[in-house]
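Structure first, then comments.
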Amino acid sequence: MIQSFKLAALRIFLCAAPVWSFSQVKPLDAMLTEYQYPFQVEYMQLNSQNSLLKMAYMDVRPKKPNGKTIMLLHGKNFNGAYWEQTAKDLSSKGFRVIIPDQIGFGKSSKPQSYQFSFSQLAENTKLILDQINLDKVIVLGHSMGGIVATRFVLQYPEKVQKLILENPIGLEDYKTFASYQDIDKAYQSELKNTAETYKAYQMKFYYDNQWKTEYQPWLDLIAGWTLHPDYPKIAWDAALTSDMIYNQPVCYEFRNIRVPALLIIGTRDRTAIGKDRAPKELQEKMGQYQELGKKTQKEIPGSKLVELDNVGHLPHIEAYNRFWNALYDFIK
């Protein structure tokens, strides 16, 4: 009865959005075969954990190179395509831009028996740089990509010139707030996702209940997966990677970063893994980015902090010009 009431309330809330925003969502297979990325996609064959996998990436080369390369790492509910505008502007300034899709995401393989770890994702990412003969890069990570970027610089500091973290998750240890959810339960929860539930989540945590048409393409990508027979594969990997985020914090190691670092923080962000499983009195303390940004800046030696007031989890989508100014000022 209570569940029915909640579902009814969710439908009423979503009625405020145009119906066509969901009716035009197209089914997408696990490898996004029918979805065209903004730049040519290359693939690296990867023999990892006794499996032959494909890792997709885009390599955007500038017309007038400035000798610098920047690698853009995506978040959990995204893939490399949402870096389109950032990559175009970086390329116009002479930067070579590398944009991987991590294993389990985007156009990369979706293994069903894979031990996901941030160390493994960092190693996979390094193998792409090895394949294209790049010795040093600037690394920018958003959301989950911020944890991958942090682990990458900790494992391979000699590869990194500068580090930029854009509203990274993992600025706090979620285990200290929220109870554990086993992978089977997480998988069943993922299977229930729809275009409507994804939009409700993004509206609440990303965009302060203010929806704009430019947000729609990034919703359509994950929503399209829920309409395809491949979706159980996606949901299983989503459950595995959620478990990885919960169990593998990096917040205790920020002090070990030894490269120039910048934090770009939308202070309205309240994203926190497992918040719904935390005691009510702790939920309000989770994902407080207006505090977490300052705390993390103090922990990373010599780092800089740019706070973007009234901006949520995706500065490079929600407030692009402010994001770009902070980024370019740090890397130019």
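Scheme for the structure tokens: letters A, B, ... for chains in order shown; per-chain residue numbers from 1; ligand numbers from 1 in order shown.
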
Excluding segment 141-155 of chain A and any residue of its chain fewer than 3 positions from it, enumerate the residues within 7 Å of it, using only C-alpha atoms, and give them as an mmCIF file with N, CA and C atoms, in the first residue's frame.
data_model
loop_
_atom_site.group_PDB
_atom_site.id
_atom_site.type_symbol
_atom_site.label_atom_id
_atom_site.label_comp_id
_atom_site.auth_asym_id
_atom_site.auth_seq_id
_atom_site.Cartn_x
_atom_site.Cartn_y
_atom_site.Cartn_z
ATOM 1 N N LEU A 72 39.948 13.004 -20.007
ATOM 2 C CA LEU A 72 38.677 13.294 -19.340
ATOM 3 C C LEU A 72 38.027 11.982 -18.910
ATOM 4 N N LEU A 73 37.728 11.846 -17.626
ATOM 5 C CA LEU A 73 37.192 10.612 -17.068
ATOM 6 C C LEU A 73 35.756 10.826 -16.600
ATOM 7 N N HIS A 74 34.848 9.986 -17.093
ATOM 8 C CA HIS A 74 33.407 10.155 -16.890
ATOM 9 C C HIS A 74 32.933 9.632 -15.542
ATOM 10 N N GLY A 75 31.711 10.016 -15.188
ATOM 11 C CA GLY A 75 31.074 9.562 -13.967
ATOM 12 C C GLY A 75 30.299 8.268 -14.154
ATOM 13 N N LYS A 76 29.716 7.772 -13.074
ATOM 14 C CA LYS A 76 29.055 6.467 -13.067
ATOM 15 C C LYS A 76 27.815 6.418 -13.951
ATOM 16 N N PHE A 118 38.966 0.324 -8.348
ATOM 17 C CA PHE A 118 39.508 1.561 -8.905
ATOM 18 C C PHE A 118 40.951 1.373 -9.348
ATOM 19 N N SER A 119 41.661 0.475 -8.694
ATOM 20 C CA SER A 119 43.017 0.166 -9.131
ATOM 21 C C SER A 119 42.997 -0.475 -10.514
ATOM 22 N N LEU A 121 40.582 -0.134 -12.830
ATOM 23 C CA LEU A 121 40.173 0.880 -13.809
ATOM 24 C C LEU A 121 41.327 1.826 -14.125
ATOM 25 N N ALA A 122 42.112 2.166 -13.104
ATOM 26 C CA ALA A 122 43.268 3.027 -13.332
ATOM 27 C C ALA A 122 44.292 2.329 -14.227
ATOM 28 N N VAL A 160 51.252 12.003 -14.634
ATOM 29 C CA VAL A 160 50.294 13.095 -14.459
ATOM 30 C C VAL A 160 51.002 14.440 -14.282
ATOM 31 N N ILE A 164 42.582 17.577 -12.045
ATOM 32 C CA ILE A 164 41.378 18.382 -11.800
ATOM 33 C C ILE A 164 40.262 17.440 -11.384
ATOM 34 N N LEU A 165 39.633 17.740 -10.263
ATOM 35 C CA LEU A 165 38.501 16.965 -9.770
ATOM 36 C C LEU A 165 37.253 17.841 -9.818
ATOM 37 N N GLU A 166 36.280 17.424 -10.625
ATOM 38 C CA GLU A 166 35.026 18.163 -10.777
ATOM 39 C C GLU A 166 33.919 17.421 -10.041
ATOM 40 N N ASN A 167 33.449 17.994 -8.966
ATOM 41 C CA ASN A 167 32.424 17.362 -8.129
ATOM 42 C C ASN A 167 32.632 15.854 -8.041
ATOM 43 N N PRO A 168 33.796 15.439 -7.555
ATOM 44 C CA PRO A 168 34.042 14.004 -7.421
ATOM 45 C C PRO A 168 33.207 13.421 -6.299
ATOM 46 N N ILE A 169 32.762 12.194 -6.478
ATOM 47 C CA ILE A 169 32.231 11.481 -5.322
ATOM 48 C C ILE A 169 33.424 10.895 -4.569
ATOM 49 N N GLY A 170 33.185 10.365 -3.390
ATOM 50 C CA GLY A 170 34.275 9.790 -2.617
ATOM 51 C C GLY A 170 35.037 10.782 -1.773
ATOM 52 N N VAL A 250 38.744 6.640 -1.302
ATOM 53 C CA VAL A 250 40.065 7.244 -1.547
ATOM 54 C C VAL A 250 40.295 8.461 -0.661
ATOM 55 N N ILE A 257 48.702 12.925 -2.641
ATOM 56 C CA ILE A 257 48.783 13.472 -3.998
ATOM 57 C C ILE A 257 49.905 14.501 -4.053
#

From a DSSP pass on the backbone, collect the residues of segment 12-259 of chain A flagged as helix (DSSP H, G or I) and hand them back as a ChimeraX atom specification. /A:12-14,20-23,80-92,118-131,144-155,157-159,174-176,183-191,195-205,213-226,231-247,251-256

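Distances from A:Phe78, A:Arg258, A:Thr213, A:Gln248 to Gln120 of chain A were compared using only C-alpha atoms, and the smallest one belongs to A:Gln248.
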
Enumerate as a count of residues only all residues of segment 186-323 of chain A assigned to strand (DSSP E) by DSSP on the backbone, naming them with the chain letters and numbers the document uses. 11

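Of the listed residues (A:Leu314, A:Ala30, A:Val259, A:Lys110), A:Val259 comes nearest to Glu158 of chain A; the distances count only C-alpha atoms.
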
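Among the candidate residues A:Leu46, A:Val139, A:Ala81, A:Leu129, the one lying nearest to Ile317 of chain A is A:Ala81, with distances computed using only C-alpha atoms.
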
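Relative to atom CA of Asp237 of chain A, atom CA of Thr194 of chain A is found at 16.4 Å.
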
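Closest approach to Ala178 of chain A among A:Met55, A:Ile273, A:Leu327, A:Ile264 is made by A:Ile273 (distances from only C-alpha atoms).
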
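Look at segment 33-38 of chain A: the protein and nucleic acid residues within 7 Å of it, using only C-alpha atoms and passing over chain neighbours fewer than 2 places away, are Leu28, Asp29, Met31, Ala81 and Glu84 of chain A.
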
Exercise: Leu134 of chain A partners within 12 Å, only C-alpha atoms, chain neighbours under 4 positions left out, as a PDB file with N, CA and C atoms, in the first residue's frame:
ATOM      1  N   ASP A  59      40.024   9.943 -29.241  1.00  0.00           N
ATOM      2  CA  ASP A  59      41.307  10.636 -29.283  1.00  0.00           C
ATOM      3  C   ASP A  59      41.135  11.856 -30.190  1.00  0.00           C
ATOM      4  N   GLY A  67      51.145  20.957 -27.494  1.00  0.00           N
ATOM      5  CA  GLY A  67      52.066  20.033 -26.843  1.00  0.00           C
ATOM      6  C   GLY A  67      51.525  19.397 -25.575  1.00  0.00           C
ATOM      7  N   LYS A  68      50.297  19.743 -25.174  1.00  0.00           N
ATOM      8  CA  LYS A  68      49.719  19.197 -23.951  1.00  0.00           C
ATOM      9  C   LYS A  68      48.541  18.270 -24.274  1.00  0.00           C
ATOM     10  N   THR A  69      48.363  17.259 -23.422  1.00  0.00           N
ATOM     11  CA  THR A  69      47.255  16.312 -23.561  1.00  0.00           C
ATOM     12  C   THR A  69      46.471  16.267 -22.261  1.00  0.00           C
ATOM     13  N   ILE A  70      45.155  16.238 -22.372  1.00  0.00           N
ATOM     14  CA  ILE A  70      44.293  16.126 -21.197  1.00  0.00           C
ATOM     15  C   ILE A  70      43.375  14.925 -21.366  1.00  0.00           C
ATOM     16  N   MET A  71      43.223  14.171 -20.299  1.00  0.00           N
ATOM     17  CA  MET A  71      42.365  12.990 -20.299  1.00  0.00           C
ATOM     18  C   MET A  71      41.132  13.263 -19.444  1.00  0.00           C
ATOM     19  N   ARG A  96      45.429  18.066 -27.028  1.00  0.00           N
ATOM     20  CA  ARG A  96      44.960  16.748 -27.451  1.00  0.00           C
ATOM     21  C   ARG A  96      44.090  16.204 -26.324  1.00  0.00           C
ATOM     22  N   VAL A  97      42.958  15.589 -26.657  1.00  0.00           N
ATOM     23  CA  VAL A  97      41.994  15.180 -25.639  1.00  0.00           C
ATOM     24  C   VAL A  97      41.719  13.678 -25.765  1.00  0.00           C
ATOM     25  N   ILE A  98      41.954  12.943 -24.679  1.00  0.00           N
ATOM     26  CA  ILE A  98      41.690  11.502 -24.622  1.00  0.00           C
ATOM     27  C   ILE A  98      40.485  11.270 -23.715  1.00  0.00           C
ATOM     28  N   THR A 125      43.104   2.282 -17.779  1.00  0.00           N
ATOM     29  CA  THR A 125      43.257   3.616 -18.356  1.00  0.00           C
ATOM     30  C   THR A 125      44.710   3.860 -18.771  1.00  0.00           C
ATOM     31  N   LYS A 126      45.639   3.440 -17.945  1.00  0.00           N
ATOM     32  CA  LYS A 126      47.060   3.592 -18.279  1.00  0.00           C
ATOM     33  C   LYS A 126      47.393   2.822 -19.561  1.00  0.00           C
ATOM     34  N   LEU A 127      46.789   1.662 -19.754  1.00  0.00           N
ATOM     35  CA  LEU A 127      47.081   0.855 -20.939  1.00  0.00           C
ATOM     36  C   LEU A 127      46.689   1.584 -22.224  1.00  0.00           C
ATOM     37  N   ILE A 128      45.635   2.409 -22.152  1.00  0.00           N
ATOM     38  CA  ILE A 128      45.276   3.221 -23.324  1.00  0.00           C
ATOM     39  C   ILE A 128      46.391   4.212 -23.629  1.00  0.00           C
ATOM     40  N   LEU A 129      46.900   4.872 -22.593  1.00  0.00           N
ATOM     41  CA  LEU A 129      47.993   5.826 -22.806  1.00  0.00           C
ATOM     42  C   LEU A 129      49.225   5.122 -23.354  1.00  0.00           C
ATOM     43  N   ASP A 130      49.490   3.911 -22.865  1.00  0.00           N
ATOM     44  CA  ASP A 130      50.620   3.141 -23.388  1.00  0.00           C
ATOM     45  C   ASP A 130      50.419   2.809 -24.865  1.00  0.00           C
ATOM     46  N   ILE A 138      47.414  15.680 -18.427  1.00  0.00           N
ATOM     47  CA  ILE A 138      46.590  16.327 -17.415  1.00  0.00           C
ATOM     48  C   ILE A 138      45.357  15.443 -17.250  1.00  0.00           C
ATOM     49  N   GLU A 158      53.988   9.590 -12.095  1.00  0.00           N
ATOM     50  CA  GLU A 158      54.903  10.025 -13.156  1.00  0.00           C
ATOM     51  C   GLU A 158      54.184  10.311 -14.464  1.00  0.00           C
ATOM     52  N   LYS A 159      52.932   9.862 -14.582  1.00  0.00           N
ATOM     53  CA  LYS A 159      52.155  10.059 -15.807  1.00  0.00           C
ATOM     54  C   LYS A 159      51.347  11.348 -15.792  1.00  0.00           C
ATOM     55  N   VAL A 160      51.252  12.003 -14.634  1.00  0.00           N
ATOM     56  CA  VAL A 160      50.294  13.095 -14.459  1.00  0.00           C
ATOM     57  C   VAL A 160      51.002  14.440 -14.282  1.00  0.00           C
TER      58      VAL A 160
END

Please identify all polymer residues within 9 Å of Tyr57 of chain A, counting only C-alpha atoms, omitting same-chain residues fewer than 4 positions from it, and present them as a short mmCIF file (atom, residue, chain, number, x, y, z; two decimals) with N, CA, C and O atoms, in the first residue's frame.
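Saved as out-v8.cif:
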data_model
loop_
_atom_site.label_atom_id
_atom_site.label_comp_id
_atom_site.auth_asym_id
_atom_site.auth_seq_id
_atom_site.Cartn_x
_atom_site.Cartn_y
_atom_site.Cartn_z
N GLN A 40 35.30 10.29 -33.38
CA GLN A 40 35.57 8.91 -33.78
C GLN A 40 35.97 8.06 -32.57
O GLN A 40 36.75 8.49 -31.73
N VAL A 41 35.43 6.86 -32.50
CA VAL A 41 35.69 5.96 -31.38
C VAL A 41 36.73 4.92 -31.79
O VAL A 41 36.62 4.28 -32.82
N GLU A 42 37.75 4.79 -30.96
CA GLU A 42 38.77 3.75 -31.13
C GLU A 42 38.55 2.69 -30.05
O GLU A 42 37.90 2.94 -29.04
N TYR A 43 39.14 1.51 -30.27
CA TYR A 43 39.00 0.43 -29.29
C TYR A 43 40.36 -0.18 -28.98
O TYR A 43 41.20 -0.37 -29.87
N MET A 44 40.57 -0.47 -27.71
CA MET A 44 41.75 -1.20 -27.28
C MET A 44 41.31 -2.59 -26.84
O MET A 44 40.39 -2.74 -26.03
N GLY A 80 31.74 8.83 -22.06
CA GLY A 80 32.59 9.88 -22.61
C GLY A 80 31.88 10.92 -23.45
O GLY A 80 32.40 12.04 -23.62
N ILE A 98 41.95 12.94 -24.68
CA ILE A 98 41.69 11.50 -24.62
C ILE A 98 40.49 11.27 -23.72
O ILE A 98 40.46 11.75 -22.58
N ILE A 99 39.49 10.54 -24.23
CA ILE A 99 38.24 10.35 -23.48
C ILE A 99 37.89 8.85 -23.45
O ILE A 99 37.27 8.33 -24.37
N PRO A 100 38.28 8.13 -22.40
CA PRO A 100 37.96 6.71 -22.32
C PRO A 100 36.54 6.46 -21.81
O PRO A 100 35.97 7.27 -21.07
N ASP A 101 35.98 5.34 -22.23
CA ASP A 101 34.82 4.73 -21.56
C ASP A 101 35.38 3.60 -20.71
O ASP A 101 36.00 2.66 -21.24
N GLN A 102 35.19 3.66 -19.40
CA GLN A 102 35.70 2.60 -18.54
C GLN A 102 35.01 1.26 -18.87
O GLN A 102 33.88 1.24 -19.36
N LYS A 107 30.51 2.53 -24.43
CA LYS A 107 30.71 1.61 -25.55
C LYS A 107 31.73 0.52 -25.23
O LYS A 107 32.09 -0.27 -26.12
N SER A 108 32.21 0.45 -24.01
CA SER A 108 33.16 -0.58 -23.62
C SER A 108 32.43 -1.86 -23.20
O SER A 108 31.22 -1.85 -22.97
N ILE A 128 45.63 2.41 -22.15
CA ILE A 128 45.28 3.22 -23.32
C ILE A 128 46.39 4.21 -23.63
O ILE A 128 46.81 4.37 -24.78
#
